[in-house]
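Engineer: One file is attached below, target_28.pdb, containing PDB, C-alpha atoms and all ligand atoms.
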```pdb
ATOM      1  CA  ASN A   1     117.917  48.219  96.511
ATOM      2  CA  GLU A   2     120.171  45.632  98.154
ATOM      3  CA  TYR A   3     121.354  45.926 101.749
ATOM      4  CA  GLN A   4     124.933  45.128 102.709
ATOM      5  CA  GLU A   5     125.431  41.380 102.740
ATOM      6  CA  ASN A   6     124.205  39.312 105.729
ATOM      7  CA  LEU A   7     122.671  42.260 107.595
ATOM      8  CA  ILE A   8     119.134  41.006 106.972
ATOM      9  CA  PRO A   9     117.799  38.200 104.734
ATOM     10  CA  TYR A  10     115.800  40.533 102.443
ATOM     11  CA  THR A  11     116.159  43.193  99.821
ATOM     12  CA  HIS A  12     114.688  46.573 100.673
ATOM     13  CA  ALA A  13     111.610  45.853  98.549
ATOM     14  CA  GLN A  14     111.050  42.528 100.330
ATOM     15  CA  LEU A  15     111.367  44.134 103.769
ATOM     16  CA  VAL A  16     108.880  46.859 102.829
ATOM     17  CA  GLU A  17     106.459  44.110 101.762
ATOM     18  CA  LYS A  18     106.894  42.269 105.101
ATOM     19  CA  VAL A  19     106.056  45.427 107.038
ATOM     20  CA  LYS A  20     103.107  46.306 104.787
ATOM     21  CA  GLU A  21     101.578  42.846 105.367
ATOM     22  CA  LYS A  22     101.299  43.406 109.109
ATOM     23  CA  LEU A  23     100.018  46.983 109.259
ATOM     24  CA  ASP A  24      97.108  49.070 108.023
ATOM     25  CA  ASP A  25      97.886  51.711 105.387
ATOM     26  CA  LYS A  26      98.112  54.610 107.818
ATOM     27  CA  ARG A  27     100.603  52.866 110.092
ATOM     28  CA  PHE A  28     102.583  51.521 107.123
ATOM     29  CA  GLU A  29     102.937  55.016 105.637
ATOM     30  CA  HIS A  30     104.163  56.253 109.029
ATOM     31  CA  CYS A  31     106.835  53.528 108.999
ATOM     32  CA  LEU A  32     107.992  54.623 105.536
ATOM     33  CA  ARG A  33     108.269  58.218 106.743
ATOM     34  CA  VAL A  34     110.202  57.142 109.856
ATOM     35  CA  GLU A  35     112.557  55.139 107.617
ATOM     36  CA  LYS A  36     113.263  58.225 105.533
ATOM     37  CA  GLN A  37     113.569  60.527 108.542
ATOM     38  CA  ALA A  38     115.945  58.078 110.252
ATOM     39  CA  ILE A  39     118.163  57.951 107.164
ATOM     40  CA  GLN A  40     118.340  61.747 107.147
ATOM     41  CA  LEU A  41     119.241  61.935 110.848
ATOM     42  CA  ALA A  42     121.813  59.167 110.348
ATOM     43  CA  THR A  43     123.482  61.163 107.609
ATOM     44  CA  GLU A  44     123.536  64.270 109.813
ATOM     45  CA  ASN A  45     125.048  62.318 112.716
ATOM     46  CA  GLU A  46     127.495  60.025 110.896
ATOM     47  CA  VAL A  47     125.584  56.832 111.689
ATOM     48  CA  ASP A  48     125.118  53.890 109.279
ATOM     49  CA  PRO A  49     122.099  55.033 107.227
ATOM     50  CA  GLU A  50     121.267  51.450 106.238
ATOM     51  CA  LYS A  51     120.763  50.314 109.855
ATOM     52  CA  ALA A  52     118.880  53.515 110.632
ATOM     53  CA  GLY A  53     116.576  52.939 107.667
ATOM     54  CA  ILE A  54     115.906  49.304 108.585
ATOM     55  CA  ALA A  55     115.239  50.133 112.250
ATOM     56  CA  GLY A  56     113.006  53.053 111.232
ATOM     57  CA  LEU A  57     111.025  50.923 108.811
ATOM     58  CA  LEU A  58     110.623  48.147 111.408
ATOM     59  CA  HIS A  59     110.061  50.202 114.567
ATOM     60  CA  ASP A  60     106.246  49.735 114.668
ATOM     61  CA  TYR A  61     106.260  46.257 113.054
ATOM     62  CA  ALA A  62     104.324  44.742 115.992
ATOM     63  CA  LYS A  63     102.055  47.726 116.698
ATOM     64  CA  GLN A  64      98.869  46.015 115.551
ATOM     65  CA  ARG A  65      99.199  42.684 117.342
ATOM     66  CA  SER A  66      96.625  41.778 119.980
ATOM     67  CA  ASP A  67      97.210  42.116 123.713
ATOM     68  CA  HIS A  68      96.843  38.335 123.847
ATOM     69  CA  ASP A  69      99.795  37.868 121.478
ATOM     70  CA  PHE A  70     102.013  40.209 123.495
ATOM     71  CA  ILE A  71     101.094  38.622 126.838
ATOM     72  CA  LYS A  72     101.904  35.208 125.402
ATOM     73  CA  VAL A  73     105.399  36.342 124.349
ATOM     74  CA  ILE A  74     106.063  38.097 127.684
ATOM     75  CA  ASN A  75     105.178  34.901 129.540
ATOM     76  CA  GLU A  76     106.829  32.395 127.200
ATOM     77  CA  LYS A  77     110.085  34.331 127.022
ATOM     78  CA  GLN A  78     109.990  35.125 130.745
ATOM     79  CA  MET A  79     110.320  38.834 130.137
ATOM     80  CA  ASP A  80     109.963  41.285 133.050
ATOM     81  CA  PRO A  81     106.510  40.562 134.563
ATOM     82  CA  GLU A  82     106.165  44.285 135.318
ATOM     83  CA  LEU A  83     105.459  44.663 131.586
ATOM     84  CA  LEU A  84     102.089  42.995 132.179
ATOM     85  CA  ASP A  85     100.933  46.114 134.080
ATOM     86  CA  TYR A  86     101.176  48.166 130.864
ATOM     87  CA  GLY A  87      99.777  47.785 127.380
ATOM     88  CA  ASN A  88     100.301  48.044 123.650
ATOM     89  CA  ALA A  89     101.892  51.509 123.907
ATOM     90  CA  ILE A  90     104.815  50.003 125.832
ATOM     91  CA  TRP A  91     104.759  46.448 124.442
ATOM     92  CA  HIS A  92     104.968  47.155 120.717
ATOM     93  CA  GLY A  93     108.562  48.357 121.061
ATOM     94  CA  VAL A  94     110.008  46.481 124.035
ATOM     95  CA  VAL A  95     108.292  43.194 123.166
ATOM     96  CA  GLY A  96     107.827  43.962 119.457
ATOM     97  CA  ALA A  97     111.491  43.244 118.797
ATOM     98  CA  GLU A  98     110.771  39.569 119.613
ATOM     99  CA  PHE A  99     108.329  39.362 116.680
ATOM    100  CA  ILE A 100     111.017  40.809 114.412
ATOM    101  CA  LYS A 101     113.469  38.098 115.491
ATOM    102  CA  ASP A 102     110.978  35.229 115.384
ATOM    103  CA  GLU A 103     109.110  36.104 112.190
ATOM    104  CA  LEU A 104     111.653  38.006 110.128
ATOM    105  CA  HIS A 105     114.850  36.328 111.351
ATOM    106  CA  ILE A 106     116.567  39.647 111.875
ATOM    107  CA  PHE A 107     119.065  39.330 114.705
ATOM    108  CA  ASP A 108     121.160  42.476 114.491
ATOM    109  CA  GLU A 109     121.099  43.679 118.115
ATOM    110  CA  GLU A 110     121.744  47.302 117.175
ATOM    111  CA  ILE A 111     118.597  47.295 115.049
ATOM    112  CA  LEU A 112     116.571  45.324 117.623
ATOM    113  CA  ASN A 113     117.635  47.614 120.469
ATOM    114  CA  ALA A 114     116.625  50.707 118.527
ATOM    115  CA  VAL A 115     113.162  49.146 118.084
ATOM    116  CA  ARG A 116     113.006  48.157 121.780
ATOM    117  CA  LYS A 117     113.828  51.672 122.922
ATOM    118  CA  HIS A 118     111.802  53.665 120.407
ATOM    119  CA  THR A 119     108.869  54.473 122.705
ATOM    120  CA  VAL A 120     110.333  54.800 126.211
ATOM    121  CA  GLY A 121     114.006  55.442 125.463
ATOM    122  CA  ALA A 122     116.628  54.284 127.964
ATOM    123  CA  ALA A 123     119.353  55.672 130.225
ATOM    124  CA  TYR A 124     121.954  54.567 127.689
ATOM    125  CA  MET A 125     121.058  55.016 124.044
ATOM    126  CA  THR A 126     123.384  54.593 121.093
ATOM    127  CA  LYS A 127     123.260  57.186 118.322
ATOM    128  CA  LEU A 128     121.152  54.709 116.358
ATOM    129  CA  ASP A 129     118.703  54.365 119.278
ATOM    130  CA  GLN A 130     118.469  58.150 119.525
ATOM    131  CA  ILE A 131     117.884  58.487 115.792
ATOM    132  CA  VAL A 132     114.969  56.053 115.685
ATOM    133  CA  TYR A 133     113.469  57.560 118.867
ATOM    134  CA  MET A 134     113.622  61.037 117.317
ATOM    135  CA  ALA A 135     112.663  60.042 113.754
ATOM    136  CA  ASP A 136     109.420  58.554 115.113
ATOM    137  CA  TYR A 137     108.686  61.838 116.897
ATOM    138  CA  ILE A 138     109.494  64.340 114.149
ATOM    139  CA  GLU A 139     108.662  62.504 110.888
ATOM    140  CA  PRO A 140     106.820  64.879 108.501
ATOM    141  CA  GLY A 141     103.403  63.346 109.193
ATOM    142  CA  ARG A 142     103.543  64.324 112.876
ATOM    143  CA  ASP A 143     101.453  67.335 113.823
ATOM    144  CA  PHE A 144     101.219  68.307 117.488
ATOM    145  CA  PRO A 145     102.018  71.468 119.445
ATOM    146  CA  GLY A 146     105.790  71.716 119.710
ATOM    147  CA  VAL A 147     106.678  69.450 116.781
ATOM    148  CA  ASP A 148     108.432  72.225 114.857
ATOM    149  CA  LYS A 149     110.472  73.099 117.933
ATOM    150  CA  ALA A 150     111.297  69.391 118.304
ATOM    151  CA  ARG A 151     112.471  69.268 114.671
ATOM    152  CA  GLN A 152     114.626  72.352 115.060
ATOM    153  CA  ILE A 153     116.268  71.143 118.284
ATOM    154  CA  THR A 154     116.853  67.630 116.930
ATOM    155  CA  HIS A 155     118.568  68.744 113.723
ATOM    156  CA  GLN A 156     120.723  71.105 115.749
ATOM    157  CA  ASN A 157     121.572  68.579 118.511
ATOM    158  CA  LEU A 158     120.293  64.987 118.574
ATOM    159  CA  GLU A 159     120.783  64.537 122.330
ATOM    160  CA  LYS A 160     118.900  67.721 123.162
ATOM    161  CA  GLY A 161     116.092  66.331 120.999
ATOM    162  CA  VAL A 162     116.004  63.152 123.076
ATOM    163  CA  PHE A 163     115.592  65.112 126.283
ATOM    164  CA  TYR A 164     112.981  67.401 124.738
ATOM    165  CA  GLN A 165     110.839  64.477 123.556
ATOM    166  CA  THR A 166     111.132  62.623 126.875
ATOM    167  CA  ARG A 167     110.113  65.692 128.839
ATOM    168  CA  GLU A 168     107.216  66.588 126.529
ATOM    169  CA  THR A 169     105.905  62.999 126.533
ATOM    170  CA  LEU A 170     106.076  62.851 130.311
ATOM    171  CA  LYS A 171     104.210  66.177 130.583
ATOM    172  CA  TYR A 172     101.568  64.929 128.141
ATOM    173  CA  LEU A 173     101.071  61.633 129.985
ATOM    174  CA  ILE A 174     100.723  63.352 133.361
ATOM    175  CA  GLU A 175      98.330  65.998 131.960
ATOM    176  CA  ASN A 176      96.171  63.162 130.669
ATOM    177  CA  GLY A 177      96.310  61.040 133.813
ATOM    178  CA  ARG A 178      98.037  58.132 132.066
ATOM    179  CA  PRO A 179     100.261  55.631 133.886
ATOM    180  CA  ILE A 180     104.000  56.247 133.530
ATOM    181  CA  TYR A 181     106.154  53.253 132.682
ATOM    182  CA  PRO A 182     109.134  53.350 135.087
ATOM    183  CA  GLY A 183     111.552  53.187 132.158
ATOM    184  CA  THR A 184     110.189  56.508 130.905
ATOM    185  CA  ILE A 185     111.204  58.160 134.179
ATOM    186  CA  VAL A 186     114.606  56.473 134.073
ATOM    187  CA  THR A 187     115.122  57.984 130.605
ATOM    188  CA  TYR A 188     114.017  61.439 131.774
ATOM    189  CA  ASN A 189     116.425  61.445 134.724
ATOM    190  CA  ALA A 190     119.358  60.058 132.729
ATOM    191  CA  TRP A 191     118.996  62.643 129.950
ATOM    192  CA  GLN A 192     118.788  65.703 132.233
ATOM    193  CA  SER A 193     122.372  66.548 131.411
ATOM    194  CA  ALA A 194     121.594  66.836 127.681
ATOM    195  CA  GLN A 195     119.162  69.732 128.076
TER
HETATM  196  P1  LIG B 201     103.840  55.462 117.734
HETATM  197  O1  LIG B 201     103.937  53.986 117.996
HETATM  198  O2  LIG B 201     104.415  55.852 116.419
HETATM  199  O3  LIG B 201     102.443  55.977 117.906
HETATM  200  O4  LIG B 201     104.714  56.233 118.835
HETATM  201  P2  LIG B 201     105.481  55.697 120.144
HETATM  202  O5  LIG B 201     105.849  54.275 119.995
HETATM  203  O6  LIG B 201     106.578  56.655 120.420
HETATM  204  O7  LIG B 201     104.447  55.885 121.320
HETATM  205  C1  LIG B 201     103.281  55.129 121.448
HETATM  206  C2  LIG B 201     102.430  55.689 122.568
HETATM  207  O8  LIG B 201     103.035  55.407 123.835
HETATM  208  C3  LIG B 201     102.267  57.216 122.532
HETATM  209  O9  LIG B 201     100.888  57.515 122.659
HETATM  210  C4  LIG B 201     103.022  57.690 123.765
HETATM  211  O10 LIG B 201     102.471  58.860 124.318
HETATM  212  C5  LIG B 201     102.848  56.507 124.685
HETATM  213  N1  LIG B 201     103.819  56.402 125.792
HETATM  214  C6  LIG B 201     105.131  56.706 125.815
HETATM  215  N2  LIG B 201     105.651  56.525 127.045
HETATM  216  C7  LIG B 201     104.638  56.071 127.820
HETATM  217  C8  LIG B 201     104.521  55.709 129.216
HETATM  218  O11 LIG B 201     105.463  55.769 130.005
HETATM  219  N3  LIG B 201     103.284  55.304 129.654
HETATM  220  C9  LIG B 201     102.195  55.250 128.821
HETATM  221  N4  LIG B 201     101.039  54.871 129.342
HETATM  222  N5  LIG B 201     102.274  55.567 127.519
HETATM  223  C10 LIG B 201     103.463  55.980 127.026
HETATM  224 FE    FE B 202     105.811  53.082 118.191
HETATM  225 FE    FE B 203     108.237  57.563 119.714
HETATM  226 FE    FE B 204     106.013  55.023 115.310
END
```
Please express the file's structure as structure tokens.
Ligand code: GDP
Ligand code: FE
Ligand code: FE
Ligand code: FE

Structural biologist:
Amino acid sequence: NEYQENLIPYTHAQLVEKVKEKLDDKRFEHCLRVEKQAIQLATENEVDPEKAGIAGLLHDYAKQRSDHDFIKVINEKQMDPELLDYGNAIWHGVVGAEFIKDELHIFDEEILNAVRKHTVGAAYMTKLDQIVYMADYIEPGRDFPGVDKARQITHQNLEKGVFYQTRETLKYLIENGRPIYPGTIVTYNAWQSAQ
């Protein structure tokens, strides 16, 4: 129940409580499933399962903050003003990591980067980044056309899973006439070679 020393200032039970406080039950349960899925993928890919679990548990920590709160952080911290053209879907990861630093005093950049990249990915993603990105997509509560294929590909080859998710998300967004965050396209192009 204890994490390795100095990684974060909480026990596992305390961290779970911090996340639970900020989310409704449905979103909290999703975070618990992503934690577990991330630990499994970490074990399969020889990544530190403790960091994967923490990043998985925290990935949607800021999901239920108001637009006002996000806009305030983007402005105060002089983050890329282009972010202001998007919304919660993009902010809760990229900007959400700031809430984790400021409120939870967690400063491990590997964990924070995995949270930042969990929705849109990035051209360069560490194994930990890839694990959290994929765990969010294939956790057992997910049910959408193609999820079983996503699970199969990801367990067979993590990088192929990253490309599959990026491509499917892009297809879905275009089909539904949603705006594409430029970073999503950057990820898609960069991960072509993994397919
Ligand atoms: P969740 O937080 O567990 O629901 O999952 P994610 O953080 O992965 O994704 C949140 C939402 O962002 C999903 O509905 C995605 O389809 C959406 N999303 C991902 N990329 C983009 C993008 O480039 N533009 C827009 N508008 N939405 C996106
Ligand atoms: Fe998310
Ligand atoms: Fe995701
Ligand atoms: Fe999520």

Engineer: Counting all atoms listed in the file, which residues come within 12 Å of (102.4, 51.7, 102.4), with the point read in the file's coordinates, and could you list them as a PyMOL selection string?

Structural biologist: chain A and resi 13+15-33+35+57

Engineer: Convert the current residue selection to file output with C-alpha atoms, as a PDB file, in the frame of the given file.

Structural biologist:
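Dumped to selection.pdb:
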```
ATOM      1  CA  ALA A  13     111.610  45.853  98.549  1.00  0.00           C
ATOM      2  CA  LEU A  15     111.367  44.134 103.769  1.00  0.00           C
ATOM      3  CA  VAL A  16     108.880  46.859 102.829  1.00  0.00           C
ATOM      4  CA  GLU A  17     106.459  44.110 101.762  1.00  0.00           C
ATOM      5  CA  LYS A  18     106.894  42.269 105.101  1.00  0.00           C
ATOM      6  CA  VAL A  19     106.056  45.427 107.038  1.00  0.00           C
ATOM      7  CA  LYS A  20     103.107  46.306 104.787  1.00  0.00           C
ATOM      8  CA  GLU A  21     101.578  42.846 105.367  1.00  0.00           C
ATOM      9  CA  LYS A  22     101.299  43.406 109.109  1.00  0.00           C
ATOM     10  CA  LEU A  23     100.018  46.983 109.259  1.00  0.00           C
ATOM     11  CA  ASP A  24      97.108  49.070 108.023  1.00  0.00           C
ATOM     12  CA  ASP A  25      97.886  51.711 105.387  1.00  0.00           C
ATOM     13  CA  LYS A  26      98.112  54.610 107.818  1.00  0.00           C
ATOM     14  CA  ARG A  27     100.603  52.866 110.092  1.00  0.00           C
ATOM     15  CA  PHE A  28     102.583  51.521 107.123  1.00  0.00           C
ATOM     16  CA  GLU A  29     102.937  55.016 105.637  1.00  0.00           C
ATOM     17  CA  HIS A  30     104.163  56.253 109.029  1.00  0.00           C
ATOM     18  CA  CYS A  31     106.835  53.528 108.999  1.00  0.00           C
ATOM     19  CA  LEU A  32     107.992  54.623 105.536  1.00  0.00           C
ATOM     20  CA  ARG A  33     108.269  58.218 106.743  1.00  0.00           C
ATOM     21  CA  GLU A  35     112.557  55.139 107.617  1.00  0.00           C
ATOM     22  CA  LEU A  57     111.025  50.923 108.811  1.00  0.00           C
TER      23      LEU A  57
END
```

Engineer: Ranking A:Gln14, A:Gln192, A:Gln78, A:Asn176 by minimum distance to ligand LIG 201 (chain B) and counting only C-alpha atoms and all ligand atoms, which one comes first?

Structural biologist: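 Residue with the minimum atom-to-atom distance to ligand LIG 201 (chain B): A:Asn176.
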
Engineer: Quick one: distance from atom O10 of ligand LIG 201 (chain B) to CA of Leu170 in chain A in Å, one decimal?

Structural biologist: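 Value for the atom O10 of ligand LIG 201 (chain B)-CA of Leu170 in chain A distance: 8.1 Å.
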
Engineer: Work out how far atom C6 of ligand LIG 201 (chain B) is from CA of Ala52 in chain A, in Å to one decimal.

Structural biologist: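 Separation of CA of Ala52 in chain A and atom C6 of ligand LIG 201 (chain B): 20.7 Å.
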
Engineer: Quick one: apply the PyMOL selection byres (((not hetatm)) within 7 of (chain B and resi 203)) to the file and drop the selected residues here as a list in words.

Structural biologist: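 This file gives the following for the PyMOL selection byres (((not hetatm)) within 7 of (chain B and resi 203)): His118, Thr119, Tyr133, Met134, Asp136 and Tyr137 of chain A.
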
Engineer: Could you pull out the residues sitting within 7 Å of ligand FE 202 (chain B), using all atoms listed in the file, and write them as a PDB file with C-alpha atoms, in the coordinates of the input?

Structural biologist:
```
ATOM      1  CA  HIS A  59     110.061  50.202 114.567  1.00  0.00           C
ATOM      2  CA  ASP A  60     106.246  49.735 114.668  1.00  0.00           C
ATOM      3  CA  LYS A  63     102.055  47.726 116.698  1.00  0.00           C
ATOM      4  CA  HIS A  92     104.968  47.155 120.717  1.00  0.00           C
ATOM      5  CA  GLY A  93     108.562  48.357 121.061  1.00  0.00           C
ATOM      6  CA  HIS A 118     111.802  53.665 120.407  1.00  0.00           C
ATOM      7  CA  THR A 119     108.869  54.473 122.705  1.00  0.00           C
TER       8      THR A 119
END
```

Engineer: May I have the centre and edge lengths, in Å to one decimal, of an axis-aligned box around the listed atoms of ligand LIG 201 (chain B) with 3 Å added to every side, as JSON?

Structural biologist:
```
{"center_x": 103.7, "center_y": 56.4, "center_z": 123.2, "size_x": 11.7, "size_y": 10.9, "size_z": 19.6}
```

Engineer: Please identify every polymer residue within 10 Å of ligand LIG 201 (chain B), using all atoms listed in the file, and present the set as a PyMOL selection string.

Structural biologist: chain A and resi 27+30-31+34+59-64+85-94+115-121+132-137+139+142+165-166+168-174+176-185+187

Engineer: Starting from the shown file, work through the PyMOL selection byres (((chain A and resi 191) around 9) and not hetatm) and note down what comes out as JSON, numbers by chain.

Structural biologist: {"A": [122, 123, 124, 159, 160, 162, 163, 166, 186, 187, 188, 189, 190, 192, 193, 194, 195]}

Engineer: For Met79 in chain A, find every residue with an atom within 12 Å (counting all atoms listed in the file), except residues of its own chain fewer than 6 positions away, and show them as a PyMOL selection string.

Structural biologist: chain A and resi 70-73+91+94-95+98
